[in-house]
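Peer 1: Just passing along the structure, written as structure tokens.
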Amino acid sequence: MAGERSGAHSNATACEAADAGAARLEPHPCERALVRGAPAYRGRSIEVYADEVLLPNGRRVTLDVVRHPGAAAVVPFVSAEDVLLIHQFRHAAGGTIFEVPAGKLDGGEDPTLCAARELEEEAGQRAGRIERLGEIWTTPGFTDERIHLFAAFELEPVPQRLEADEVIEVVRVPLRRALEMVWSGELRDAKSALALVHAAHRLGRLA
């Protein structure tokens with residue numbers, strides 16, 4: 001118990017020394033203290049850990065955490081008004097859903113390069129210009145996955161390069177219509193909805 005109190009005190013000291021005005025997308029030093037992490041499962045793109053964590057209130061708990069390398073998602077603008085969505089089969093969602101092109105980072109890949117690659121592979125478009133929109137935690141209750149959001153412009157067609165598990169149809173829609181799909185629930189994929197909202201805000205298209 002004395003060791004736990006000492007660790008909590010050190011953590012509080014680090015918290016006090018942290019810059020209060022810093023961006024909060026990176027974990028703050030006072031937010032968690034990993035005591036021990038044990039891998040429970042390793043898959044193709046994720047690892048599941050049972051982490052023993054010392055909380056800011058001094059309690060120790062065991063939390064299941066899905067570790068993910070991160071991803072990039074991109075809104076492709078084919079004109080000043082129109083974007084491309086993909087209509088993709090998702091087994092976990094029980095069918096085909098609307099999304100923007102996206103994929104995981106490979107081995108510490110730069111997110112901008114990942115966005116450009118996924119745009120070519122899934123939508124068959126090469127971007128002359130890619131702008132960063134921001135980044136999001138997908139489900140911080142159980143995973144450390146972060147998705148970097150982008151918008152792509154000055155597109156030119158290239159061959160699609162779909163993977164074996166990808167069944168995708170590319171659909172051109174006005175940005176206004178894509179936002180209506182978000183508000184109505186027709187487009188419910190969180191990363192895609194937020195990428196569209198960020199893109200519309202960047203271009204001054206939100207009422």
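By convention in this document, the chains of the structure tokens carry letters A, B, ... by their order, each chain's residues are numbered from 1, and ligands are numbered from 1 in the order they are shown.
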Looking only at the backbone, which of the residues in chain A does DSSP tag as helix (DSSP H, G or I), as number ranges by chain?

Peer 2: A: 2-17, 111-123, 175-184, 190-202

Peer 1: Which polymer residues have any atom within 9 Å of an atom of Thr138 of chain A, counting only C-alpha atoms, with same-chain residues fewer than 2 positions away left out, as a ChimeraX atom specification?

Peer 2: /A:136,140,143-147,190-191

Peer 1: Considering only C-alpha atoms, return as a list in words whatever protein or nucleic-acid residues lie within 12 Å of Arg67 of chain A, sequence-local ones (same chain, fewer than 2 positions apart) excluded.

Peer 2: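 Once the adjacent positions are removed, what remains is Gly37, Ala38, Pro39, Ala40, Tyr41, Arg42, Gly43, Arg44, Ser45, Ile46, Glu47, Val48, Tyr49, Ala50, Asp51, Asp64, Val65, Pro69, Gly70, Thr138, Thr139, Pro140, Gly141, Phe142, Thr143, Asp144, Glu145 and Arg146 of chain A.
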
Peer 1: With N, CA and C atoms kept, could you save the residues just selected as a PDB file, in the first residue's frame?

Peer 2:
ATOM      1  N   GLY A  37       0.848  -4.895 -17.956  1.00  0.00           N
ATOM      2  CA  GLY A  37       0.013  -5.211 -19.100  1.00  0.00           C
ATOM      3  C   GLY A  37       0.299  -6.613 -19.597  1.00  0.00           C
ATOM      4  N   ALA A  38      -0.745  -7.403 -19.792  1.00  0.00           N
ATOM      5  CA  ALA A  38      -0.569  -8.784 -20.227  1.00  0.00           C
ATOM      6  C   ALA A  38      -1.351  -9.019 -21.515  1.00  0.00           C
ATOM      7  N   PRO A  39      -0.680  -9.434 -22.603  1.00  0.00           N
ATOM      8  CA  PRO A  39      -1.405  -9.689 -23.850  1.00  0.00           C
ATOM      9  C   PRO A  39      -2.319 -10.899 -23.711  1.00  0.00           C
ATOM     10  N   ALA A  40      -3.567 -10.745 -24.141  1.00  0.00           N
ATOM     11  CA  ALA A  40      -4.529 -11.829 -24.083  1.00  0.00           C
ATOM     12  C   ALA A  40      -4.818 -12.410 -25.461  1.00  0.00           C
ATOM     13  N   TYR A  41      -4.653 -11.577 -26.508  1.00  0.00           N
ATOM     14  CA  TYR A  41      -4.946 -12.033 -27.876  1.00  0.00           C
ATOM     15  C   TYR A  41      -4.223 -11.138 -28.869  1.00  0.00           C
ATOM     16  N   ARG A  42      -3.654 -11.736 -29.905  1.00  0.00           N
ATOM     17  CA  ARG A  42      -3.049 -10.993 -30.998  1.00  0.00           C
ATOM     18  C   ARG A  42      -3.710 -11.416 -32.302  1.00  0.00           C
ATOM     19  N   GLY A  43      -4.268 -10.437 -33.029  1.00  0.00           N
ATOM     20  CA  GLY A  43      -4.889 -10.701 -34.313  1.00  0.00           C
ATOM     21  C   GLY A  43      -4.132 -10.035 -35.439  1.00  0.00           C
ATOM     22  N   ARG A  44      -4.761  -9.975 -36.618  1.00  0.00           N
ATOM     23  CA  ARG A  44      -4.097  -9.408 -37.786  1.00  0.00           C
ATOM     24  C   ARG A  44      -3.821  -7.923 -37.617  1.00  0.00           C
ATOM     25  N   SER A  45      -4.749  -7.195 -36.995  1.00  0.00           N
ATOM     26  CA  SER A  45      -4.589  -5.744 -36.898  1.00  0.00           C
ATOM     27  C   SER A  45      -4.758  -5.197 -35.484  1.00  0.00           C
ATOM     28  N   ILE A  46      -5.088  -6.042 -34.517  1.00  0.00           N
ATOM     29  CA  ILE A  46      -5.273  -5.576 -33.150  1.00  0.00           C
ATOM     30  C   ILE A  46      -4.601  -6.527 -32.173  1.00  0.00           C
ATOM     31  N   GLU A  47      -4.354  -6.007 -30.970  1.00  0.00           N
ATOM     32  CA  GLU A  47      -3.921  -6.812 -29.838  1.00  0.00           C
ATOM     33  C   GLU A  47      -4.820  -6.473 -28.659  1.00  0.00           C
ATOM     34  N   VAL A  48      -5.218  -7.474 -27.897  1.00  0.00           N
ATOM     35  CA  VAL A  48      -6.063  -7.263 -26.719  1.00  0.00           C
ATOM     36  C   VAL A  48      -5.217  -7.518 -25.472  1.00  0.00           C
ATOM     37  N   TYR A  49      -5.221  -6.534 -24.567  1.00  0.00           N
ATOM     38  CA  TYR A  49      -4.437  -6.623 -23.341  1.00  0.00           C
ATOM     39  C   TYR A  49      -5.361  -6.539 -22.130  1.00  0.00           C
ATOM     40  N   ALA A  50      -4.960  -7.210 -21.067  1.00  0.00           N
ATOM     41  CA  ALA A  50      -5.567  -7.020 -19.751  1.00  0.00           C
ATOM     42  C   ALA A  50      -4.576  -6.187 -18.953  1.00  0.00           C
ATOM     43  N   ASP A  51      -4.863  -4.885 -18.831  1.00  0.00           N
ATOM     44  CA  ASP A  51      -3.946  -3.950 -18.178  1.00  0.00           C
ATOM     45  C   ASP A  51      -4.333  -3.745 -16.717  1.00  0.00           C
ATOM     46  N   ASP A  64      -9.651  -4.204 -19.852  1.00  0.00           N
ATOM     47  CA  ASP A  64      -9.394  -4.782 -21.163  1.00  0.00           C
ATOM     48  C   ASP A  64      -9.171  -3.652 -22.160  1.00  0.00           C
ATOM     49  N   VAL A  65      -8.063  -3.699 -22.876  1.00  0.00           N
ATOM     50  CA  VAL A  65      -7.710  -2.643 -23.823  1.00  0.00           C
ATOM     51  C   VAL A  65      -7.360  -3.265 -25.175  1.00  0.00           C
ATOM     52  N   PRO A  69      -2.890   0.172 -34.187  1.00  0.00           N
ATOM     53  CA  PRO A  69      -1.813   1.039 -34.680  1.00  0.00           C
ATOM     54  C   PRO A  69      -2.267   2.420 -35.130  1.00  0.00           C
ATOM     55  N   GLY A  70      -3.578   2.673 -35.172  1.00  0.00           N
ATOM     56  CA  GLY A  70      -4.098   3.946 -35.655  1.00  0.00           C
ATOM     57  C   GLY A  70      -4.484   3.843 -37.118  1.00  0.00           C
ATOM     58  N   THR A 138     -11.559   6.755 -31.359  1.00  0.00           N
ATOM     59  CA  THR A 138     -12.769   6.079 -31.847  1.00  0.00           C
ATOM     60  C   THR A 138     -13.662   5.629 -30.693  1.00  0.00           C
ATOM     61  N   THR A 139     -13.138   4.811 -29.797  1.00  0.00           N
ATOM     62  CA  THR A 139     -13.910   4.315 -28.655  1.00  0.00           C
ATOM     63  C   THR A 139     -12.979   4.219 -27.460  1.00  0.00           C
ATOM     64  N   PRO A 140     -12.699   5.341 -26.779  1.00  0.00           N
ATOM     65  CA  PRO A 140     -11.681   5.339 -25.729  1.00  0.00           C
ATOM     66  C   PRO A 140     -12.045   4.528 -24.497  1.00  0.00           C
ATOM     67  N   GLY A 141     -13.276   4.004 -24.428  1.00  0.00           N
ATOM     68  CA  GLY A 141     -13.631   3.141 -23.308  1.00  0.00           C
ATOM     69  C   GLY A 141     -12.892   1.815 -23.327  1.00  0.00           C
ATOM     70  N   PHE A 142     -12.445   1.380 -24.525  1.00  0.00           N
ATOM     71  CA  PHE A 142     -11.756   0.093 -24.556  1.00  0.00           C
ATOM     72  C   PHE A 142     -10.648  -0.028 -25.606  1.00  0.00           C
ATOM     73  N   THR A 143     -10.378   1.034 -26.376  1.00  0.00           N
ATOM     74  CA  THR A 143      -9.304   0.939 -27.354  1.00  0.00           C
ATOM     75  C   THR A 143      -8.518   2.244 -27.432  1.00  0.00           C
ATOM     76  N   ASP A 144      -7.228   2.122 -27.782  1.00  0.00           N
ATOM     77  CA  ASP A 144      -6.383   3.307 -27.941  1.00  0.00           C
ATOM     78  C   ASP A 144      -6.345   3.774 -29.396  1.00  0.00           C
ATOM     79  N   GLU A 145      -7.223   3.254 -30.248  1.00  0.00           N
ATOM     80  CA  GLU A 145      -7.215   3.617 -31.660  1.00  0.00           C
ATOM     81  C   GLU A 145      -7.496   5.104 -31.858  1.00  0.00           C
ATOM     82  N   ARG A 146      -6.637   5.735 -32.665  1.00  0.00           N
ATOM     83  CA  ARG A 146      -6.853   7.115 -33.094  1.00  0.00           C
ATOM     84  C   ARG A 146      -6.932   7.134 -34.613  1.00  0.00           C
TER      85      ARG A 146
END

Peer 1: Using Å and a single decimal, report how far atom CA of Ser184 of chain A sits from atom CA of Val197 of chain A.

Peer 2: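 Taking atom CA of Val197 of chain A as the start and atom CA of Ser184 of chain A as the end point, the length is 13.8 Å.
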
Peer 1: Please provide as a count of residues only all residues within 9 Å of Ile130 of chain A, with the sequence filter that same-chain residues fewer than 2 positions apart are discarded (counting only C-alpha atoms).

Peer 2: 12

Peer 1: Segment 139-204 of chain A near segment 86-106 of chain A within 7 Å: what's each residue's closest atom pair and its distance in Å to one decimal, counting only C-alpha atoms, ordered by chain then ascending residue number, as a Markdown table?

Peer 2:
| residue | atom | partner | partner_atom | distance |
| --- | --- | --- | --- | --- |
| A:Val167 | CA | A:Phe89 | CA | 5.6 |
| A:Ile168 | CA | A:Gln88 | CA | 4.5 |
| A:Glu169 | CA | A:His87 | CA | 5.0 |
| A:Val170 | CA | A:Ile86 | CA | 4.5 |
| A:Val171 | CA | A:Ile86 | CA | 5.9 |
| A:Leu187 | CA | A:Phe98 | CA | 5.5 |
| A:Asp189 | CA | A:Glu99 | CA | 6.2 |
| A:Ser192 | CA | A:Val100 | CA | 5.3 |

Peer 1: Only C-alpha atoms, please: the residues just picked out, written as a PDB file, in the first residue's frame.

Peer 2:
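Done, and the output landed in result-v4.pdb:
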ATOM      1  CA  VAL A 167     -16.296  -5.266 -51.290  1.00  0.00           C
ATOM      2  CA  ILE A 168     -16.682  -1.606 -52.230  1.00  0.00           C
ATOM      3  CA  GLU A 169     -18.814   0.548 -54.519  1.00  0.00           C
ATOM      4  CA  VAL A 170     -17.757   4.184 -54.988  1.00  0.00           C
ATOM      5  CA  VAL A 171     -20.623   6.711 -54.903  1.00  0.00           C
ATOM      6  CA  LEU A 187     -24.504   7.286 -42.657  1.00  0.00           C
ATOM      7  CA  ASP A 189     -19.986   5.316 -39.336  1.00  0.00           C
ATOM      8  CA  SER A 192     -16.815   9.128 -41.675  1.00  0.00           C
TER       9      SER A 192
END

Peer 1: Which parts of segment 30-207 of chain A does DSSP call strand (DSSP E or B) when run on the backbone here, written out as number ranges by chain?

Peer 2: A: 33-42, 47-54, 60-67, 71-77, 82-90, 95-99, 102-104, 125-137, 143, 146-157, 168-174

Peer 1: So how far away is atom CA of Phe77 of chain A from atom CA of Val182 of chain A, in Å?

Peer 2: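 If I compute the distance from atom CA of Val182 of chain A to atom CA of Phe77 of chain A, I get 17.1 Å.
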
Peer 1: Considering only C-alpha atoms, state which residue in the set A:Leu196, A:Leu179, A:Leu34, A:Cys114 is at the smallest distance from Val75 of chain A.

Peer 2: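 The answer is A:Leu196, which sits nearest to Val75 of chain A.
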
Peer 1: Quote the spacing between atom CA of Val78 of chain A and atom CA of Leu155 of chain A in Å to one decimal place.

Peer 2: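 Pair atom CA of Val78 of chain A / atom CA of Leu155 of chain A returns 6.2 Å.
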
Peer 1: Name the closest residue to Gly107 of chain A among the candidates A:Leu206, A:Ala71, A:Glu81, A:Arg161; distances are taken between atoms, counting only C-alpha atoms.

Peer 2: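 Among the listed residues, the smallest separation from Gly107 of chain A belongs to A:Ala71.
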